[in-house]
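Text of the file target.cif, holding mmCIF, C-alpha atoms:
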data_entry
#
loop_
_atom_site.label_atom_id
_atom_site.label_comp_id
_atom_site.auth_asym_id
_atom_site.auth_seq_id
_atom_site.Cartn_x
_atom_site.Cartn_y
_atom_site.Cartn_z
CA MET A 25 94.58 120.77 124.07
CA ASN A 26 95.41 120.88 120.38
CA PRO A 27 93.28 123.77 119.04
CA ARG A 28 92.99 122.06 115.66
CA LEU A 29 91.08 119.12 117.16
CA ASN A 30 87.67 118.76 118.73
CA ALA A 31 87.02 117.02 122.04
CA ALA A 32 86.05 113.73 120.39
CA ASP A 33 89.33 113.63 118.46
CA GLN A 34 91.27 114.42 121.60
CA ALA A 35 89.82 111.37 123.32
CA ASN A 36 91.34 109.03 120.73
CA VAL A 37 94.82 109.11 122.21
CA PRO A 38 96.98 105.99 122.52
CA ILE A 39 97.14 104.90 126.15
CA ILE A 40 100.10 103.08 127.66
CA LEU A 41 98.70 100.04 129.46
CA ALA A 42 102.09 98.66 130.49
CA GLN A 43 105.73 99.44 129.99
CA SER A 44 109.02 98.17 131.40
CA ALA A 45 112.69 98.11 130.54
CA VAL A 46 113.69 95.96 133.48
CA ALA A 47 115.24 92.90 131.89
CA VAL A 48 113.49 89.59 132.54
CA SER A 49 115.25 86.36 131.54
CA CYS A 50 114.09 82.80 131.14
CA PRO A 51 115.46 80.49 133.84
CA VAL A 52 117.63 77.49 132.96
CA ASP A 53 114.86 75.37 131.50
CA THR A 54 113.19 74.42 128.24
CA THR A 55 109.59 75.18 129.20
CA GLU A 56 107.55 78.18 128.07
CA ASP A 57 108.32 80.89 130.61
CA VAL A 58 106.12 83.92 131.26
CA LEU A 59 108.31 87.03 131.06
CA ALA A 60 105.51 89.59 131.38
CA SER A 61 101.85 89.30 132.27
CA ILE A 62 99.60 92.24 131.47
CA PRO A 63 95.95 92.24 132.57
CA ILE A 64 93.49 93.49 129.97
CA ILE A 65 90.39 94.91 131.63
CA GLY A 66 87.11 93.58 130.24
CA GLY A 67 85.76 95.83 127.49
CA ILE A 68 88.78 98.13 127.40
CA VAL A 69 89.44 97.21 123.76
CA GLY A 70 86.27 98.28 121.97
CA PRO A 71 84.90 96.66 118.81
CA HIS A 72 87.11 98.92 116.69
CA GLY A 73 90.02 99.19 119.09
CA SER A 74 93.45 97.61 118.97
CA LEU A 75 96.52 96.76 121.03
CA ARG A 76 100.06 97.66 119.90
CA LEU A 77 102.92 95.75 121.53
CA THR A 78 106.56 96.74 121.02
CA THR A 79 109.29 94.48 122.42
CA LEU A 80 113.09 94.36 122.63
CA TRP A 81 114.91 91.04 123.02
CA THR A 82 118.36 89.55 123.52
CA PHE A 83 119.23 85.86 123.10
CA THR A 84 122.09 83.47 122.51
CA ASN A 85 123.28 83.44 118.91
CA SER A 86 123.19 79.73 118.05
CA ALA A 87 121.49 77.16 115.84
CA ASN A 88 119.17 76.19 118.71
CA THR A 89 115.68 77.68 118.59
CA LYS A 90 114.45 80.46 120.87
CA SER A 91 110.66 80.85 120.67
CA LEU A 92 109.23 84.28 121.43
CA ARG A 93 105.49 84.58 121.92
CA ALA A 94 102.78 87.09 122.80
CA ARG A 95 99.63 85.27 123.84
CA LEU A 96 96.26 86.98 123.92
CA GLY A 97 94.03 85.13 126.39
CA GLY A 98 96.60 83.74 128.81
CA ILE A 99 98.89 80.75 128.43
CA GLY A 100 96.34 78.87 126.32
CA GLY A 101 95.63 81.89 124.17
CA THR A 102 96.52 82.80 120.61
CA ASP A 103 100.15 83.62 119.87
CA TYR A 104 100.40 86.82 117.81
CA PHE A 105 104.18 86.92 117.84
CA GLY A 106 105.34 83.45 116.88
CA ASN A 107 108.96 84.26 116.25
CA VAL A 108 111.47 81.43 116.32
CA ILE A 109 114.99 82.82 116.50
CA THR A 110 118.25 80.98 115.89
CA THR A 111 121.44 82.65 114.67
CA GLN A 112 120.71 86.23 115.68
CA LEU A 113 121.58 88.15 118.83
CA SER A 114 118.80 90.68 119.29
CA LEU A 115 115.40 91.75 118.00
CA ARG A 116 113.11 94.77 118.15
CA HIS A 117 109.57 93.94 117.11
CA GLN A 118 106.07 95.36 117.00
CA ILE A 119 102.71 93.68 116.64
CA GLN A 120 99.22 95.13 116.49
CA ILE A 121 96.07 93.18 117.30
CA PHE A 122 92.90 94.72 115.83
CA ASN A 123 89.36 93.94 116.91
CA ARG A 124 87.36 93.35 113.73
CA GLY A 125 84.18 95.23 114.54
CA ALA A 126 83.38 92.86 117.41
CA GLN A 127 85.12 92.28 120.72
CA ASN A 128 85.50 88.56 120.08
CA SER A 129 87.19 88.71 116.69
CA GLN A 130 90.81 89.75 116.15
CA ILE A 131 93.44 89.90 113.41
CA GLY A 132 97.17 90.56 113.44
CA PHE A 133 100.16 90.28 111.14
CA THR A 134 101.71 86.89 110.67
CA ALA A 135 104.77 85.78 112.59
CA SER A 136 107.93 87.28 111.18
CA THR A 137 111.13 88.70 112.54
CA GLN A 138 110.20 91.83 110.61
CA ALA A 139 107.17 93.70 111.89
CA PHE A 140 106.57 95.50 108.60
CA VAL A 141 107.15 93.39 105.51
CA SER A 142 105.36 91.37 102.85
CA THR A 143 105.25 87.61 103.24
CA ALA A 144 103.76 84.44 101.82
CA ASN A 145 102.14 83.61 105.17
CA ALA A 146 98.54 84.12 106.22
CA HIS A 147 97.56 86.52 108.99
CA ILE A 148 96.82 85.39 112.55
CA THR A 149 93.24 85.51 113.76
CA SER A 150 91.56 84.73 117.06
CA ALA A 151 88.22 84.76 118.84
CA VAL A 152 89.20 85.89 122.33
CA ASP A 153 86.27 87.63 124.06
CA LEU A 154 87.73 91.01 125.01
CA SER A 155 84.44 92.12 126.53
CA LEU A 156 85.70 90.02 129.45
CA ALA A 157 88.91 90.45 131.43
CA THR A 158 91.84 88.57 130.00
CA THR A 159 95.63 88.56 130.03
CA LEU A 160 98.32 89.29 127.47
CA LEU A 161 101.41 87.21 128.13
CA ILE A 162 104.89 87.70 126.71
CA THR A 163 106.72 84.39 126.92
CA GLY A 164 110.01 82.81 125.95
CA GLN A 165 111.04 79.19 125.42
CA LYS A 166 114.50 77.79 124.69
CA GLN A 167 115.42 74.55 122.97
CA VAL A 168 118.55 74.38 125.12
CA GLY A 169 117.97 75.43 128.70
CA ALA A 170 121.48 76.71 129.34
CA GLU A 171 121.21 79.39 126.66
CA ALA A 172 120.01 82.94 127.29
CA LEU A 173 116.67 84.48 126.35
CA THR A 174 115.85 87.91 127.77
CA LEU A 175 112.93 90.28 127.32
CA GLU A 176 114.79 93.58 127.61
CA SER A 177 111.78 95.88 127.36
CA TYR A 178 108.15 96.07 126.31
CA LEU A 179 105.48 98.67 125.67
CA LEU A 180 101.78 97.89 125.38
CA GLU A 181 99.49 100.62 124.02
CA LEU A 182 95.71 100.70 123.81
CA LEU A 183 94.48 102.36 120.63
CA SER A 184 90.85 103.32 121.05
CA PHE A 185 88.72 104.80 118.33
CA GLY A 186 85.38 106.21 119.26
CA ASN A 187 84.63 103.59 121.90
CA MET B 23 97.26 113.73 133.98
CA ASN B 24 101.02 113.26 134.17
CA PRO B 25 102.24 116.05 136.49
CA ARG B 26 105.61 116.15 134.72
CA LEU B 27 104.01 117.37 131.49
CA ASN B 28 102.49 120.68 130.61
CA ALA B 29 99.49 121.33 128.38
CA ALA B 30 101.68 121.97 125.34
CA ASP B 31 103.34 118.58 125.73
CA LEU B 32 100.00 116.84 125.98
CA ALA B 33 98.71 118.65 122.92
CA ASN B 34 101.42 116.94 120.89
CA SER B 35 100.17 113.44 121.73
CA PRO B 36 99.46 111.21 118.74
CA ILE B 37 95.74 111.20 117.96
CA ILE B 38 93.92 108.31 116.32
CA LEU B 39 92.01 109.81 113.41
CA ALA B 40 90.70 106.51 112.08
CA GLN B 41 91.03 102.81 112.80
CA SER B 42 89.31 99.64 111.63
CA GLY B 43 89.89 95.91 111.65
CA VAL B 44 86.84 95.20 109.49
CA ALA B 45 88.04 93.67 106.21
CA VAL B 46 87.22 95.55 102.99
CA SER B 47 87.93 93.91 99.64
CA ALA B 48 88.31 95.31 96.16
CA ALA B 49 85.38 94.49 93.89
CA PRO B 50 85.52 91.11 92.13
CA ASN B 51 86.30 91.02 88.41
CA ASP B 52 87.50 94.58 88.49
CA THR B 53 90.78 96.22 87.52
CA SER B 54 89.99 99.81 88.43
CA ILE B 55 91.20 101.71 91.47
CA ASN B 56 88.99 100.73 94.43
CA VAL B 57 88.65 103.04 97.42
CA LEU B 58 88.89 100.79 100.49
CA ALA B 59 88.93 103.52 103.14
CA SER B 60 88.29 107.25 103.06
CA ILE B 61 89.43 109.43 105.96
CA GLN B 62 88.47 113.09 106.27
CA LEU B 63 91.23 115.47 107.33
CA ALA B 64 89.96 118.70 108.83
CA ALA B 65 91.51 121.91 107.51
CA GLY B 66 94.84 122.70 109.11
CA ILE B 67 94.78 119.67 111.36
CA MET B 68 98.39 118.70 110.58
CA GLY B 69 99.99 122.08 111.06
CA PRO B 70 103.18 123.00 109.18
CA HIS B 71 105.37 120.53 111.08
CA GLY B 72 102.86 117.74 111.70
CA GLY B 73 102.45 114.37 110.08
CA LEU B 74 100.21 111.39 109.50
CA ARG B 75 101.23 107.83 110.37
CA VAL B 76 99.29 105.23 108.38
CA THR B 77 99.55 101.55 109.35
CA THR B 78 97.87 98.98 107.10
CA LEU B 79 97.39 95.21 107.00
CA TRP B 80 96.72 93.50 103.67
CA THR B 81 95.85 90.13 102.14
CA VAL B 82 96.07 89.48 98.41
CA THR B 83 96.25 86.57 96.00
CA ALA B 84 99.85 85.39 95.84
CA SER B 85 100.73 85.58 92.15
CA ALA B 86 103.00 87.34 89.71
CA ASN B 87 100.18 89.75 88.87
CA SER B 88 100.69 92.99 90.73
CA LYS B 89 98.25 94.26 93.30
CA ASN B 90 98.80 98.01 93.61
CA LEU B 91 98.25 99.35 97.12
CA GLN B 92 98.15 103.08 97.54
CA VAL B 93 97.57 105.85 100.08
CA MET B 94 96.37 109.01 98.33
CA LEU B 95 96.57 112.40 100.00
CA GLY B 96 94.10 114.81 98.43
CA GLY B 97 91.58 112.27 97.19
CA LEU B 98 91.71 110.31 93.94
CA GLY B 99 93.28 113.20 92.07
CA GLY B 100 95.86 113.74 94.78
CA SER B 101 99.31 112.36 95.41
CA GLY B 102 100.07 108.68 95.94
CA LEU B 103 102.48 108.24 98.83
CA MET B 104 102.59 104.47 99.32
CA GLY B 105 102.76 102.82 95.92
CA VAL B 106 103.40 99.18 96.78
CA GLY B 107 103.03 96.51 94.10
CA LEU B 108 102.34 93.40 96.16
CA THR B 109 102.73 89.88 94.81
CA GLN B 110 103.06 87.94 98.10
CA ALA B 111 100.08 86.83 100.18
CA SER B 112 100.16 89.38 102.97
CA MET B 113 101.82 92.54 104.21
CA ARG B 114 101.94 94.88 107.18
CA HIS B 115 103.02 98.38 106.17
CA GLN B 116 103.60 101.72 107.85
CA LEU B 117 103.85 105.09 106.15
CA GLU B 118 104.56 108.54 107.53
CA ILE B 119 103.51 111.63 105.60
CA ARG B 120 105.23 114.72 107.01
CA ASN B 121 104.52 118.36 106.31
CA ARG B 122 107.84 120.06 105.56
CA GLY B 123 107.47 123.34 107.43
CA ALA B 124 104.56 124.40 105.26
CA MET B 125 101.07 122.96 105.04
CA ASN B 126 101.36 122.47 101.27
CA SER B 127 104.60 120.50 101.14
CA GLN B 128 104.95 116.83 102.13
CA VAL B 129 107.56 114.08 102.10
CA ALA B 130 107.21 110.31 102.61
CA PHE B 131 109.38 107.23 102.26
CA ALA B 132 109.35 105.55 98.86
CA GLY B 133 106.94 102.66 98.50
CA ASN B 134 108.33 99.25 99.42
CA GLN B 135 107.34 95.99 101.07
CA GLY B 136 106.76 97.11 104.63
CA GLY B 137 107.89 100.69 105.01
CA PHE B 138 111.11 100.12 106.93
CA THR B 139 114.18 99.38 104.82
CA ALA B 140 116.95 100.89 102.76
CA THR B 141 116.19 101.38 99.08
CA THR B 142 117.53 102.84 95.88
CA GLY B 143 114.21 104.64 95.37
CA ALA B 144 113.84 108.37 95.94
CA ASN B 145 111.56 109.66 98.66
CA LEU B 146 108.09 110.71 97.58
CA VAL B 147 107.01 114.34 97.72
CA ALA B 148 103.65 116.06 97.37
CA ALA B 149 102.21 119.57 97.36
CA ILE B 150 98.74 119.05 98.80
CA ASP B 151 97.34 122.05 100.66
CA THR B 152 96.45 120.67 104.09
CA SER B 153 95.42 124.13 105.34
CA ILE B 154 92.09 123.27 103.73
CA ALA B 155 90.06 120.10 104.28
CA GLN B 156 91.43 117.07 102.44
CA THR B 157 90.68 113.37 102.09
CA LEU B 158 93.11 110.53 102.66
CA LEU B 159 92.24 107.45 100.63
CA ILE B 160 93.49 103.90 100.98
CA THR B 161 93.05 102.21 97.63
CA GLY B 162 93.73 98.93 95.88
CA GLN B 163 93.94 97.99 92.22
CA LYS B 164 94.41 94.56 90.66
CA VAL B 165 96.07 93.82 87.35
CA LEU B 166 93.92 90.70 87.13
CA GLY B 167 90.36 91.40 88.21
CA THR B 168 89.54 87.87 89.35
CA GLU B 169 92.21 87.90 92.05
CA VAL B 170 91.67 88.99 95.65
CA LEU B 171 92.82 92.20 97.31
CA THR B 172 91.71 92.94 100.88
CA LEU B 173 92.50 95.75 103.30
CA GLU B 174 92.27 93.80 106.57
CA ALA B 175 92.94 96.67 108.98
CA TYR B 176 94.19 100.23 109.11
CA LEU B 177 95.20 102.87 111.63
CA VAL B 178 95.67 106.58 110.87
CA GLU B 179 97.40 108.65 113.54
CA LEU B 180 97.89 112.40 113.58
CA LEU B 181 101.34 113.43 114.79
CA SER B 182 100.89 117.04 115.81
CA SER B 183 103.63 119.56 116.37
CA LEU B 184 102.23 122.81 117.68
#

Before anything else, please render the file you have as structure tokens.
Amino acid sequence: MNPRLNAADQANVPIILAQSAVAVSCPVDTTEDVLASIPIIGGIVGPHGSLRLTTLWTFTNSANTKSLRARLGGIGGTDYFGNVITTQLSLRHQIQIFNRGAQNSQIGFTASTQAFVSTANAHITSAVDLSLATTLLITGQKQVGAEALTLESYLLELLSFGN
Amino acid sequence: MNPRLNAADLANSPIILAQSGVAVSAAPNDTSINVLASIQLAAGIMGPHGGLRVTTLWTVTASANSKNLQVMLGGLGGSGLMGVGLTQASMRHQLEIRNRGAMNSQVAFAGNQGGFTATTGANLVAAIDTSIAQTLLITGQKVLGTEVLTLEAYLVELLSSL
């Protein structure tokens, strides 16, 4: 235990909910493919908690679109990633989804290939009820099925604060 | 507990000192420095080799008028270690403030639009004595008072090094 901190501080440690560096690729299709599915236990993200997702990707460098998504709430849920890639080869990215003082109100940074940057776009918001169990999906979708789109690794952390 | 780690390893885990996703806006019709979040730092909490990692999410009026976003170590009279002049509508930013082997010497990356880039700007330094209790402030200031400046979310992590 860090002697400079009290027990309450010590409890506010980021927790790794899921992590993998086993590559998962989209099959030869143009549909939205689930590359990782992470269950979120009901209530685990408190009213002032957040989720931090870091991902590493590889894809075909071409003019055809490759859509990378992170959906809170399953396949019909809100996409907090929203990156559409064309003439690049790889990407490392990080998003953070904050509860806004209630478990059914979230905000995250707008879709961008840069995780930390200023932009003209508005933030992403959602109303997923995290007091109930839900799923965070990492998905990929290709415009041309024969191209490659691979989730090389991901890390999902739970950041609790006082609850 | 991970059996591969000892107590010293675990003591160096990042600790969340403060976090909020509740939006806080600068006062309307105001051009002064507005404190949007105030985080208490206990005396000595950083240690001589520790750091603070501050992640922020912002919304402002998109205009040529600057919106000055700042992280102040040592309260309002302390050292500004973020110093972003934002003109676009939104930003996600991350800042690390590191003690430099002494609790009264800090370094941070020069202010820019995001926190991760190359720049011609020099790094920022400070001499705040973190062996005594200090306050970390997140502030906003508008050149044009009628515009909007909102701190949407923030996360302050302690990076200990015992």

Subject >> Shortest interatomic distance to Ser35 in chain B - which of B:Leu180, B:Leu158, B:Val93, B:Leu146, counting all atoms listed in the file >> reply: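 Nearest to Ser35 in chain B: B:Leu180.
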
Subject >> Chain and number of each residue from the PyMOL selection byres ((chain A) within 9 of (chain B)), as a PyMOL selection string >> reply: chain A and resi 25-29+33-38+71-74+121-126+130-134+138-147+183-186

Original post:
If you count only C-alpha atoms, which residues fall within 12 Å of Phe83 in chain A, apart from same-chain ones fewer than 3 positions away, as a PyMOL selection string?
Top reply: chain A and resi 47-50+80+86-92+108-116+164-176

**OP:** Evaluate the PyMOL selection byres ((chain B and resi 127-130) around 10) here and jot the selected residues down as an MDAnalysis selection string.
**Re:** chainID B and resid 70:74 95 101:104 117:126 131:133 137 144:152

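Those residues returned by the PyMOL selection byres ((chain B and resi 55) around 8) for this file are B:Thr53, B:Ser54, B:Asn56, B:Val57, B:Thr161, B:Gly162, B:Gln163, B:Lys164.
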
Original post:
Interatomic distance between CA of Val58 in chain A and CA of Ser129 in chain A?
Top reply: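 For CA of Val58 in chain A relative to CA of Ser129 in chain A, the distance reads 24.4 Å.
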
**OP:** Go ahead and find all residues with at least one atom no further than 7 Å from (87.8, 92.5, 128.8) in the file's coordinates, using only C-alpha atoms; report them as number ranges by chain.
**Re:** A: 64-68, 153-158

Give me, as an mmCIF file with C-alpha atoms, in the frame of the given file, all polymer residues having an atom no more than 7 Å from Tyr178 in chain A, counting only C-alpha atoms and skipping those fewer than 2 positions away in the same chain.
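What ended up in part_36.cif:
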data_model
loop_
_atom_site.group_PDB
_atom_site.id
_atom_site.type_symbol
_atom_site.label_atom_id
_atom_site.label_comp_id
_atom_site.auth_asym_id
_atom_site.auth_seq_id
_atom_site.Cartn_x
_atom_site.Cartn_y
_atom_site.Cartn_z
ATOM 1 C CA GLN A 43 105.730 99.440 129.990
ATOM 2 C CA SER A 44 109.020 98.170 131.400
ATOM 3 C CA ALA A 45 112.690 98.110 130.540
ATOM 4 C CA THR A 78 106.560 96.740 121.020
ATOM 5 C CA THR A 79 109.290 94.480 122.420
ATOM 6 C CA LEU A 80 113.090 94.360 122.630
ATOM 7 C CA LEU A 180 101.780 97.890 125.380
#

**OP:** For CA of Leu77 in chain A and CA of Val52 in chain A, quote the distance in Å rounded to one decimal.
**Re:**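 Answer for the CA of Leu77 in chain A to CA of Val52 in chain A separation: 26.1 Å.
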
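The gap separating CA of Val76 in chain B from CA of Thr157 in chain B is 13.4 Å, in Å to one decimal.
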
**OP:** Excluding Ser136 in chain A and residues on its chain fewer than 6 positions from it, collect all residues at most 8 Å away from it, counting only C-alpha atoms, and give them as a list in words.
**Re:**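 Skipping anything fewer than 6 positions along the chain leaves Phe105, Gly106 and Asn107 of chain A.
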
Could you give me, as a CSV table (one decimal) with C-alpha atoms, in the coordinates of the input, the residues that sit within 6 Å of (92.6, 88.4, 121.9) in the file's coordinates, counting all atoms listed in the file?
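Just written: point-v8.csv:
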chain,number,residue,atom,x,y,z
A,96,LEU,CA,96.3,87.0,123.9
A,97,GLY,CA,94.0,85.1,126.4
A,152,VAL,CA,89.2,85.9,122.3

Original post:
Between A:Leu179, A:Thr163, A:Arg76, A:Gln120, which is the closest to Thr55 in chain A once you count only C-alpha atoms?
Top reply: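 Between A:Leu179, A:Thr163, A:Arg76, A:Gln120, the residue approaching Thr55 in chain A most closely is A:Thr163.
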
Which centre and which edge lengths, in Å to one decimal, describe the axis-aligned box that holds all listed atoms of range 171-182 of chain A after 5 Å is added on each side, as AutoDock Vina command-line options?
--center_x 108.5 --center_y 90.0 --center_z 125.8 --size_x 35.5 --size_y 31.3 --size_z 14.0

**OP:** For Leu159 in chain B, please output as a list of chain:residue names all residues within 8 Å (counting all atoms listed in the file; exclusion window: fewer than 4 positions along the same chain).
**Re:** B:Val57, B:Leu58, B:Ala59, B:Ser60, B:Ile61, B:Gln92, B:Val93, B:Met94, B:Leu95, B:Gly96, B:Gly97, B:Leu98

Just the selected residues (C-alpha atoms), exported as a compact mmCIF listing (two decimals), in the coordinates of the input, please.
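Below is the file result_16.txt, written as the result:
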# COMPACT_ATOMS: atom_id res chain seq x y z
CA VAL B 57 88.65 103.04 97.42
CA LEU B 58 88.89 100.79 100.49
CA ALA B 59 88.93 103.52 103.14
CA SER B 60 88.29 107.25 103.06
CA ILE B 61 89.43 109.43 105.96
CA GLN B 92 98.15 103.08 97.54
CA VAL B 93 97.57 105.85 100.08
CA MET B 94 96.37 109.01 98.33
CA LEU B 95 96.57 112.40 100.00
CA GLY B 96 94.10 114.81 98.43
CA GLY B 97 91.58 112.27 97.19
CA LEU B 98 91.71 110.31 93.94
